Amino acid sequence: MVGNEAASGSPELRESYEVCAAETRRFLAPMWKAAEVLPAAVRPHVLAVHGFLVRTDRLADEHGTQADREERITRWRSETLEELRAGRSEHPLRRAFVDTALRWELDRAVIEEFLDAIRADCVSPPAFETFAEQRRYLREAGGTVFEMWTPMLEPEGPEASSLTSVLGEVCQLVDIFEDLPTDLAAGRCYLPQADLRQLGLEVGDLVRGERRRTLDELVDIQLGRWRLLLEQAAPVTGMVAPEYRPFLHTLLLGAQLQFDEVVLRQGRVFTDGIEPLVTAGGVTRRPAWPHAGAVPDHVAVIMDGNRRWAARQGLPVSRGHQTGEWAAMRLVNAALRLGVRHLSIYAFSTENWDRSREELAALFDTLGHGAAQGIEWLHELGVRVRWCGRRDRIEPSLASTLELLESVTSNNDALSLTVCVDYGGRDELTEAARALAAEAVAGTIRPEDIGPADLARNLYAPGLPDVDLLIRTSGEQRISNFLPWHLAYAELVFDPTAWPDFGLAQLREAVTTYAGRRRRFGGGLPGPTRPVESAPAT
C-alpha cells in the first residue's frame with residue numbers, strides 16, 4: 001500500500017512505488033519490516049530509496065564478466081542521474097525513486113556518491129588496508145542511503161543527518177557479516193587487510209574456518225569497532241520527530257541483535273555467516289546455541305543502572321530508560337539463543353512509585369512503547385508473556401497493552417517471559433496469605449493442611465518455577481523485594497555492567513558462572529531437585 005502523496009500520482013507512478021516495496025520486501029526484508037512502523041505518508045518514499053538500492057546492488061551482482069557488470073552499472077548510473085536532471089523517469093522502478101528525490105529534494109551529491117561506490121565495487125574486488133578505508137566504504141555503500149531519507153523524518157538537530165549515516169554504516173556492517181561465507185568464497189573480503197596481517201591470517205584461513213582461536217581474535221577486533229559505531233549512532237533516535245523514532249529504534253535494535261549473534265558465533269561466522277533477523281516469511285527463529293555447562297531453567301534479572309548510565313553519558317534519565325528497553329529486548333533474544341526456558345525481569349517495583357512524576361511518565365511511556373512495539377516480534381519468536389504484579393494502579397492504556405500482550409502470546413512455548421510491573425515481593429506474599437485466610441474462613445481448606453503449594457498457587461503468577469539464577473546489573477548486591485518466594489535457592493550473580501550495556505556476552509558469562517557452581521539445596525550433594533513443590537504451570 002502506497003502513501004497518500006504517492007497514491008495521488010498516475011497509475012504508473014503508484015505501480016512503481018509498489019514495485020519498490022516488493023523489491024525491498026523480497027531482498028531486504030529487515031528494512032521492509034522496520035518500515036512498517038513509519039507513517040503512511042513517508043513509508044513508500046523510504047521504500048522507494050531502498051528499492052532503488054536493492055535493484056542497483058543486484059545489477060552489480062548479476063552473473064557475467066566483470067566488464068559486463070561494469071557496463072550495466074555504468075549505464076544504470078548514467079540513466080539515473082539524467083532522469084534526476086530531467087525530473088522524470090519512465091523506468092518501472094526508477095520512476096518512484098526519481099519522484100521521491102524530487103518531492104523531498106534529496107541531495108544529488110549523496111545519490112551520486114552511492115552510485116559511484118557501487119560502480120567502484122563492481123570494477124574490482126574490495127581491498128581495504130585499514131579500518132579507515134573500510135569505514136569510507138561503509139559510508140559510501142550504506143551511510144549514503146540512510147542519509148537520503150533522513151529529511152523525511154523531520155530531523156531536529158544538525159547532527160541528525162551525520163548520525164543517521166553512521167546508523168547506515170552499522171547496517172552495512174551487518175550486511176557484510178551476513179554475507180561473509182558467500183563473499184569469501186567469491187574472493188571478496190570486506191575486512192581490513194591490516195587486521196588479518198596483524199594476526200598472521202590470510203583470506204584462505206577465513207574460508208577454511210581453521211585456526212579458530214585466531215579467528216575469534218579477528219572477530220573481537222571487528223566487534224570492538226562495531227560497538228563504537230553502535231554507540232555513536234544511538235543518539236539519533238532522539239533527533240527526529242516522535243512518530244519516526246520507532247523506525248530508528250527498530251533498525252538500531254536489529255543491528256544490536258546481530259552484533260550479539262556474532263558475539264555468540266565468534267570465528268564460526270566466517271564459515272556459517274548469520275541469518276537475517278527477518279525474511280520474507282517472517283522473523284527468523286534460531287535454535288538454542290549449544291552451551292558447555294548446565295543452563296539455568298529460570299533466569300531472573302534486576303535491570304539496574306538506567307539512571308546512572310544516562311548521567312555518565314550526559315543524557316536525560318528518559319534516554320536511560322529508553323536504552324534499557326532495547327536491552328530488555330536483547331535479553332529476550334539472548335535467553336532464547338542460550339536455551340533459557342523461563343525469564344523474569346523487574347520492570348517496575350512498588351517502591352518505584354516514589355520517583356518524580358516526570359520520571360514515572362517517562363518510565364510508563366517506555367514500558368508502553370516496548371510492549372506495543374514488541375507484540376508481533378515476541379509472538380513470532382514463540383515467547384509467552386505474563387504480567388506479574390498489581391493490576392489496580394497502572395495507567396489504563398499501559399495495563400491494556402500488557403493484557404493484550406498476555407492474550408496474544410498465551411499459547412507460545414519457546415520462552416516464558418514474566419514481566420514484573422508494579423511488583424513487590426512482600427505485597428505478593430501478603431496477598432497470597434489473605435487469599436488462603438479467606439479460603440480457611442470459607443471452609444474450603446483447613447489451616448493445618450496448608451502447604452507451600454497452596455501459597456504458590458495464590459501468587460501473582462501461579463506456576464512460575466523457582467529461580468535458578470538471579471542477575472542484578474550495575475554492581476548493587478541486594479534483591480530489592482524481587483521474587484522472594486522463588487529466590488529461596490537461587491544462585492546470585494552481581495554484574496557491574498549498567499543495564500543499558502548488558503547483552504548476550506554478559507548473560508553468557510553469568511550462565512557460565514552458574515554452571516560452575518555446586519547446587520546443594522541445603523543437602524550434602526548437588527542435585528536438580530528443588531526443595532519446594534511448585535504449583536503446576538497454568
# chains A, B, ... in the order shown; residues from 1 in each chain; ligands from 1
>>> residues_around(residues="stretch 131-135 of chain A", least_positions_apart="5", cutoff="12 Å", atoms="only C-alpha atoms", output="list in words")
Pro126, Glu140, Ala141, Gly142, Gly143, Ser165, Val166, Gly168, Glu169, Val170, Gln172, Leu173, Ile176, Cys189, Tyr190, Leu191, Pro192, Gln193, Ala194, Asp195, Leu196, Ile221, Gln222, Gly224, Arg225, Trp226 and Leu229 of chain A
>>> write_last_selection(atoms="N, CA and C atoms", output="compact mmCIF listing (two decimals), in the first residue's frame")
# COMPACT_ATOMS: atom_id res chain seq x y z
N PRO A 126 36.85 -5.54 -3.35
CA PRO A 126 37.27 -4.61 -2.30
C PRO A 126 38.61 -5.02 -1.71
N GLU A 140 29.95 5.07 2.07
CA GLU A 140 29.51 5.24 0.69
C GLU A 140 28.40 4.26 0.31
N ALA A 141 28.49 3.02 0.80
CA ALA A 141 27.54 1.99 0.40
C ALA A 141 26.29 1.95 1.28
N GLY A 142 26.41 2.32 2.55
CA GLY A 142 25.28 2.25 3.46
C GLY A 142 24.86 3.59 4.03
N GLY A 143 25.85 4.37 4.47
CA GLY A 143 25.53 5.66 5.08
C GLY A 143 24.82 6.60 4.13
N SER A 165 23.61 8.60 9.01
CA SER A 165 24.60 7.99 8.12
C SER A 165 25.41 6.94 8.86
N VAL A 166 25.78 7.21 10.12
CA VAL A 166 26.52 6.22 10.91
C VAL A 166 25.66 4.98 11.12
N GLY A 168 23.51 3.89 9.09
CA GLY A 168 23.60 3.19 7.81
C GLY A 168 24.89 2.40 7.70
N GLU A 169 25.98 2.96 8.21
CA GLU A 169 27.25 2.22 8.23
C GLU A 169 27.12 0.94 9.05
N VAL A 170 26.47 1.06 10.20
CA VAL A 170 26.29 -0.11 11.06
C VAL A 170 25.50 -1.19 10.32
N GLN A 172 25.24 -1.59 7.14
CA GLN A 172 26.08 -2.14 6.07
C GLN A 172 27.05 -3.16 6.64
N LEU A 173 27.55 -2.90 7.84
CA LEU A 173 28.44 -3.85 8.51
C LEU A 173 27.69 -5.15 8.82
N ILE A 176 27.60 -7.13 5.72
CA ILE A 176 28.89 -7.78 5.46
C ILE A 176 28.99 -9.09 6.22
N CYS A 189 36.76 -9.98 0.27
CA CYS A 189 36.93 -9.84 1.72
C CYS A 189 36.74 -8.37 2.09
N TYR A 190 35.70 -8.09 2.85
CA TYR A 190 35.38 -6.71 3.22
C TYR A 190 35.96 -6.32 4.57
N LEU A 191 36.95 -7.06 5.05
CA LEU A 191 37.61 -6.74 6.32
C LEU A 191 38.96 -6.10 6.04
N PRO A 192 39.44 -5.24 6.94
CA PRO A 192 40.74 -4.59 6.73
C PRO A 192 41.88 -5.61 6.67
N GLN A 193 42.69 -5.51 5.64
CA GLN A 193 43.80 -6.45 5.48
C GLN A 193 44.83 -6.32 6.60
N ALA A 194 44.96 -5.11 7.16
CA ALA A 194 45.91 -4.92 8.26
C ALA A 194 45.54 -5.78 9.46
N ASP A 195 44.24 -6.00 9.68
CA ASP A 195 43.80 -6.84 10.80
C ASP A 195 44.23 -8.29 10.58
N LEU A 196 44.09 -8.76 9.35
CA LEU A 196 44.50 -10.13 9.04
C LEU A 196 46.00 -10.29 9.23
N ILE A 221 38.16 -7.99 17.22
CA ILE A 221 38.60 -6.69 16.72
C ILE A 221 37.45 -6.00 15.97
N GLN A 222 36.76 -6.77 15.12
CA GLN A 222 35.64 -6.19 14.36
C GLN A 222 34.50 -5.78 15.28
N GLY A 224 34.69 -4.81 18.35
CA GLY A 224 35.04 -3.59 19.07
C GLY A 224 34.68 -2.35 18.26
N ARG A 225 34.96 -2.38 16.98
CA ARG A 225 34.62 -1.24 16.12
C ARG A 225 33.12 -1.14 15.91
N TRP A 226 32.48 -2.29 15.75
CA TRP A 226 31.02 -2.32 15.59
C TRP A 226 30.36 -1.68 16.81
N LEU A 229 30.59 2.09 16.71
CA LEU A 229 29.64 2.67 15.75
C LEU A 229 28.22 2.65 16.31
>>> select_by_dssp(residues="stretch 132-183 of chain A", states="alpha helix (DSSP H)", output="VMD selection string")
chain A and resid 132 to 138 144 to 149 160 to 178 180 to 183
>>> write_last_selection(atoms="N, CA and C atoms", output="mmCIF file, in the first residue's frame")
data_model
loop_
_atom_site.group_PDB
_atom_site.id
_atom_site.type_symbol
_atom_site.label_atom_id
_atom_site.label_comp_id
_atom_site.auth_asym_id
_atom_site.auth_seq_id
_atom_site.Cartn_x
_atom_site.Cartn_y
_atom_site.Cartn_z
ATOM 1 N N ALA A 132 39.993 2.712 8.479
ATOM 2 C CA ALA A 132 39.560 3.987 7.896
ATOM 3 C C ALA A 132 39.058 3.790 6.470
ATOM 4 N N GLU A 133 39.742 2.925 5.711
ATOM 5 C CA GLU A 133 39.298 2.650 4.347
ATOM 6 C C GLU A 133 37.992 1.848 4.355
ATOM 7 N N GLN A 134 37.886 0.890 5.270
ATOM 8 C CA GLN A 134 36.624 0.155 5.380
ATOM 9 C C GLN A 134 35.490 1.093 5.772
ATOM 10 N N ARG A 135 35.788 1.986 6.673
ATOM 11 C CA ARG A 135 34.770 2.942 7.133
ATOM 12 C C ARG A 135 34.290 3.820 5.978
ATOM 13 N N ARG A 136 35.209 4.200 5.114
ATOM 14 C CA ARG A 136 34.814 5.005 3.956
ATOM 15 C C ARG A 136 33.854 4.225 3.070
ATOM 16 N N TYR A 137 34.117 2.920 2.887
ATOM 17 C CA TYR A 137 33.216 2.081 2.101
ATOM 18 C C TYR A 137 31.849 1.971 2.785
ATOM 19 N N LEU A 138 31.838 1.756 4.099
ATOM 20 C CA LEU A 138 30.571 1.651 4.828
ATOM 21 C C LEU A 138 29.739 2.917 4.649
ATOM 22 N N THR A 144 25.215 6.584 2.857
ATOM 23 C CA THR A 144 24.588 7.470 1.879
ATOM 24 C C THR A 144 23.097 7.166 1.730
ATOM 25 N N VAL A 145 22.747 5.896 1.733
ATOM 26 C CA VAL A 145 21.342 5.513 1.550
ATOM 27 C C VAL A 145 20.501 6.009 2.717
ATOM 28 N N PHE A 146 21.011 5.833 3.925
ATOM 29 C CA PHE A 146 20.267 6.304 5.096
ATOM 30 C C PHE A 146 20.176 7.828 5.103
ATOM 31 N N GLU A 147 21.243 8.470 4.645
ATOM 32 C CA GLU A 147 21.235 9.930 4.597
ATOM 33 C C GLU A 147 20.200 10.442 3.603
ATOM 34 N N MET A 148 19.926 9.654 2.563
ATOM 35 C CA MET A 148 18.936 10.082 1.575
ATOM 36 C C MET A 148 17.581 10.320 2.209
ATOM 37 N N TRP A 149 17.152 9.369 3.086
ATOM 38 C CA TRP A 149 15.802 9.525 3.622
ATOM 39 C C TRP A 149 15.740 10.277 4.950
ATOM 40 N N ALA A 160 21.710 15.160 13.108
ATOM 41 C CA ALA A 160 20.835 14.035 12.765
ATOM 42 C C ALA A 160 21.264 13.360 11.473
ATOM 43 N N SER A 161 21.606 14.153 10.462
ATOM 44 C CA SER A 161 21.959 13.567 9.173
ATOM 45 C C SER A 161 23.229 12.729 9.277
ATOM 46 N N SER A 162 24.254 13.254 9.945
ATOM 47 C CA SER A 162 25.518 12.521 10.039
ATOM 48 C C SER A 162 25.371 11.267 10.888
ATOM 49 N N LEU A 163 24.551 11.318 11.957
ATOM 50 C CA LEU A 163 24.383 10.137 12.807
ATOM 51 C C LEU A 163 23.484 9.097 12.144
ATOM 52 N N THR A 164 22.527 9.546 11.337
ATOM 53 C CA THR A 164 21.753 8.579 10.560
ATOM 54 C C THR A 164 22.660 7.868 9.578
ATOM 55 N N SER A 165 23.615 8.604 9.013
ATOM 56 C CA SER A 165 24.596 7.991 8.120
ATOM 57 C C SER A 165 25.412 6.940 8.857
ATOM 58 N N VAL A 166 25.779 7.207 10.116
ATOM 59 C CA VAL A 166 26.518 6.220 10.908
ATOM 60 C C VAL A 166 25.664 4.979 11.123
ATOM 61 N N LEU A 167 24.367 5.169 11.375
ATOM 62 C CA LEU A 167 23.476 4.009 11.509
ATOM 63 C C LEU A 167 23.460 3.210 10.210
ATOM 64 N N GLY A 168 23.506 3.887 9.088
ATOM 65 C CA GLY A 168 23.600 3.187 7.808
ATOM 66 C C GLY A 168 24.888 2.400 7.697
ATOM 67 N N GLU A 169 25.980 2.958 8.211
ATOM 68 C CA GLU A 169 27.251 2.218 8.228
ATOM 69 C C GLU A 169 27.117 0.943 9.050
ATOM 70 N N VAL A 170 26.473 1.056 10.198
ATOM 71 C CA VAL A 170 26.285 -0.110 11.057
ATOM 72 C C VAL A 170 25.501 -1.191 10.319
ATOM 73 N N CYS A 171 24.417 -0.783 9.658
ATOM 74 C CA CYS A 171 23.593 -1.762 8.941
ATOM 75 C C CYS A 171 24.353 -2.361 7.756
ATOM 76 N N GLN A 172 25.237 -1.589 7.139
ATOM 77 C CA GLN A 172 26.075 -2.136 6.072
ATOM 78 C C GLN A 172 27.054 -3.158 6.638
ATOM 79 N N LEU A 173 27.547 -2.899 7.840
ATOM 80 C CA LEU A 173 28.438 -3.855 8.507
ATOM 81 C C LEU A 173 27.692 -5.148 8.822
ATOM 82 N N VAL A 174 26.433 -5.021 9.234
ATOM 83 C CA VAL A 174 25.597 -6.208 9.447
ATOM 84 C C VAL A 174 25.505 -7.012 8.156
ATOM 85 N N ASP A 175 25.276 -6.319 7.050
ATOM 86 C CA ASP A 175 25.173 -6.984 5.750
ATOM 87 C C ASP A 175 26.465 -7.725 5.405
ATOM 88 N N ILE A 176 27.599 -7.128 5.723
ATOM 89 C CA ILE A 176 28.890 -7.775 5.462
ATOM 90 C C ILE A 176 28.989 -9.091 6.217
ATOM 91 N N PHE A 177 28.603 -9.096 7.487
ATOM 92 C CA PHE A 177 28.706 -10.316 8.276
ATOM 93 C C PHE A 177 27.677 -11.368 7.857
ATOM 94 N N GLU A 178 26.506 -10.931 7.417
ATOM 95 C CA GLU A 178 25.520 -11.890 6.942
ATOM 96 C C GLU A 178 25.996 -12.595 5.675
ATOM 97 N N LEU A 180 29.265 -13.033 4.733
ATOM 98 C CA LEU A 180 30.678 -13.404 4.788
ATOM 99 C C LEU A 180 31.014 -14.679 4.016
ATOM 100 N N PRO A 181 30.347 -15.820 4.265
ATOM 101 C CA PRO A 181 30.744 -17.047 3.562
ATOM 102 C C PRO A 181 30.654 -16.914 2.040
ATOM 103 N N THR A 182 29.572 -16.298 1.544
ATOM 104 C CA THR A 182 29.390 -16.137 0.098
ATOM 105 C C THR A 182 30.460 -15.238 -0.498
ATOM 106 N N ASP A 183 30.719 -14.110 0.146
ATOM 107 C CA ASP A 183 31.705 -13.173 -0.382
ATOM 108 C C ASP A 183 33.118 -13.760 -0.333
#
>>> select_by_dssp(residues="stretch 313-404 of chain A", states="strand (DSSP E)", output="list in words")
His342, Leu343, Ser344, Ile345, Tyr346, Ala347, Phe348, Ser349, Val383, Arg384, Val385, Arg386, Trp387 and Cys388 of chain A
>>> atom_distance(atom1="atom CA of A:Ala255", atom2="atom CA of A:Thr56")
22.7 Å
>>> residues_around(residues="A:Asn458", least_positions_apart="3", cutoff="9 Å", atoms="only C-alpha atoms", output="PyMOL selection string")
chain A and resi 428-429+431-433+435-436+453-455+461-462
>>> residues_around(residues="A:Leu415", least_positions_apart="6", cutoff="8 Å", atoms="only C-alpha atoms", output="number ranges by chain")
A: 336, 340-343, 382-384
>>> write_last_selection(atoms="N, CA and C atoms", output="compact mmCIF listing (two decimals), in the first residue's frame")
# COMPACT_ATOMS: atom_id res chain seq x y z
N LEU A 336 16.75 -16.82 24.54
CA LEU A 336 16.35 -17.81 23.55
C LEU A 336 17.57 -18.51 22.94
N VAL A 340 17.53 -20.75 27.65
CA VAL A 340 16.79 -20.49 28.88
C VAL A 340 15.30 -20.65 28.60
N ARG A 341 14.59 -21.31 29.50
CA ARG A 341 13.16 -21.58 29.27
C ARG A 341 12.25 -20.55 29.94
N HIS A 342 12.69 -19.99 31.06
CA HIS A 342 11.89 -19.01 31.80
C HIS A 342 12.76 -17.80 32.10
N LEU A 343 12.22 -16.61 31.82
CA LEU A 343 12.95 -15.37 32.05
C LEU A 343 12.01 -14.39 32.76
N GLY A 382 7.77 -16.98 19.42
CA GLY A 382 7.22 -18.03 20.27
C GLY A 382 7.34 -17.74 21.75
N VAL A 383 7.43 -16.46 22.11
CA VAL A 383 7.58 -16.07 23.52
C VAL A 383 6.20 -15.88 24.16
N ARG A 384 6.00 -16.51 25.31
CA ARG A 384 4.79 -16.29 26.09
C ARG A 384 5.08 -15.22 27.14
>>> closest_residue(among="A:Val408, A:Ala300, A:Ser474, A:Arg319", to="A:Ala372", atoms="only C-alpha atoms")
A:Val408
>>> residues_around(residues="A:His63", least_positions_apart="6", cutoff="12 Å", atoms="only C-alpha atoms", output="ChimeraX atom specification")
/A:69-70,72,122
>>> atom_distance(atom1="atom CA of A:Thr444", atom2="atom CA of A:Leu487")
29.0 Å
>>> residues_around(residues="A:Trp499", least_positions_apart="3", cutoff="9 Å", atoms="only C-alpha atoms", output="PyMOL selection string")
chain A and resi 302-306+309+323-324+327-328+472-474+496+502-503
>>> residues_around(residues="A:Thr401", least_positions_apart="5", cutoff="12 Å", atoms="only C-alpha atoms", output="ChimeraX atom specification")
/A:364-365,367-375,385-387,394-396,406-408
>>> write_last_selection(atoms="N, CA and C atoms", output="PDB file, in the first residue's frame")
ATOM      1  N   PHE A 364       6.650   4.908  32.208  1.00  0.00           N
ATOM      2  CA  PHE A 364       5.445   4.273  31.669  1.00  0.00           C
ATOM      3  C   PHE A 364       5.370   4.413  30.153  1.00  0.00           C
ATOM      4  N   ASP A 365       5.835   5.550  29.631  1.00  0.00           N
ATOM      5  CA  ASP A 365       5.888   5.700  28.173  1.00  0.00           C
ATOM      6  C   ASP A 365       6.806   4.640  27.563  1.00  0.00           C
ATOM      7  N   LEU A 367       7.709   1.710  28.919  1.00  0.00           N
ATOM      8  CA  LEU A 367       7.101   0.384  29.061  1.00  0.00           C
ATOM      9  C   LEU A 367       6.002   0.169  28.022  1.00  0.00           C
ATOM     10  N   GLY A 368       5.167   1.194  27.842  1.00  0.00           N
ATOM     11  CA  GLY A 368       4.081   1.074  26.872  1.00  0.00           C
ATOM     12  C   GLY A 368       4.600   0.922  25.455  1.00  0.00           C
ATOM     13  N   HIS A 369       5.632   1.711  25.135  1.00  0.00           N
ATOM     14  CA  HIS A 369       6.229   1.621  23.789  1.00  0.00           C
ATOM     15  C   HIS A 369       6.816   0.243  23.569  1.00  0.00           C
ATOM     16  N   GLY A 370       7.578  -0.251  24.558  1.00  0.00           N
ATOM     17  CA  GLY A 370       8.220  -1.550  24.405  1.00  0.00           C
ATOM     18  C   GLY A 370       7.208  -2.664  24.237  1.00  0.00           C
ATOM     19  N   ALA A 371       6.133  -2.608  25.034  1.00  0.00           N
ATOM     20  CA  ALA A 371       5.109  -3.652  24.946  1.00  0.00           C
ATOM     21  C   ALA A 371       4.385  -3.600  23.603  1.00  0.00           C
ATOM     22  N   ALA A 372       4.028  -2.394  23.162  1.00  0.00           N
ATOM     23  CA  ALA A 372       3.284  -2.263  21.901  1.00  0.00           C
ATOM     24  C   ALA A 372       4.133  -2.664  20.707  1.00  0.00           C
ATOM     25  N   GLN A 373       5.390  -2.192  20.684  1.00  0.00           N
ATOM     26  CA  GLN A 373       6.263  -2.495  19.557  1.00  0.00           C
ATOM     27  C   GLN A 373       6.708  -3.952  19.557  1.00  0.00           C
ATOM     28  N   GLY A 374       6.711  -4.576  20.736  1.00  0.00           N
ATOM     29  CA  GLY A 374       7.229  -5.931  20.836  1.00  0.00           C
ATOM     30  C   GLY A 374       6.222  -7.045  20.622  1.00  0.00           C
ATOM     31  N   ILE A 375       4.936  -6.718  20.543  1.00  0.00           N
ATOM     32  CA  ILE A 375       3.911  -7.759  20.479  1.00  0.00           C
ATOM     33  C   ILE A 375       4.158  -8.723  19.320  1.00  0.00           C
ATOM     34  N   VAL A 385       4.250 -14.188  27.214  1.00  0.00           N
ATOM     35  CA  VAL A 385       4.463 -13.091  28.151  1.00  0.00           C
ATOM     36  C   VAL A 385       3.407 -13.143  29.253  1.00  0.00           C
ATOM     37  N   ARG A 386       3.871 -12.970  30.498  1.00  0.00           N
ATOM     38  CA  ARG A 386       2.960 -12.882  31.641  1.00  0.00           C
ATOM     39  C   ARG A 386       3.283 -11.613  32.426  1.00  0.00           C
ATOM     40  N   TRP A 387       2.247 -10.991  32.926  1.00  0.00           N
ATOM     41  CA  TRP A 387       2.393  -9.800  33.770  1.00  0.00           C
ATOM     42  C   TRP A 387       2.270 -10.244  35.217  1.00  0.00           C
ATOM     43  N   ILE A 394      -1.810   0.745  37.709  1.00  0.00           N
ATOM     44  CA  ILE A 394      -1.116   1.109  36.474  1.00  0.00           C
ATOM     45  C   ILE A 394      -2.050   1.883  35.548  1.00  0.00           C
ATOM     46  N   GLU A 395      -1.500   2.859  34.846  1.00  0.00           N
ATOM     47  CA  GLU A 395      -2.268   3.667  33.892  1.00  0.00           C
ATOM     48  C   GLU A 395      -3.024   2.755  32.929  1.00  0.00           C
ATOM     49  N   PRO A 396      -4.320   3.011  32.694  1.00  0.00           N
ATOM     50  CA  PRO A 396      -5.171   2.077  31.942  1.00  0.00           C
ATOM     51  C   PRO A 396      -4.644   1.669  30.574  1.00  0.00           C
ATOM     52  N   GLU A 406      -0.255 -10.389  26.889  1.00  0.00           N
ATOM     53  CA  GLU A 406      -0.500 -11.686  27.523  1.00  0.00           C
ATOM     54  C   GLU A 406      -1.431 -12.543  26.673  1.00  0.00           C
ATOM     55  N   SER A 407      -2.500 -11.936  26.198  1.00  0.00           N
ATOM     56  CA  SER A 407      -3.509 -12.688  25.451  1.00  0.00           C
ATOM     57  C   SER A 407      -2.967 -13.207  24.122  1.00  0.00           C
ATOM     58  N   VAL A 408      -2.294 -12.344  23.374  1.00  0.00           N
ATOM     59  CA  VAL A 408      -1.795 -12.715  22.052  1.00  0.00           C
ATOM     60  C   VAL A 408      -0.785 -13.845  22.133  1.00  0.00           C
TER      61      VAL A 408
END
>>> closest_residue(among="A:Leu404, A:Ala347, A:Ala437, A:Leu206", to="A:Thr418", atoms="only C-alpha atoms")
A:Ala347
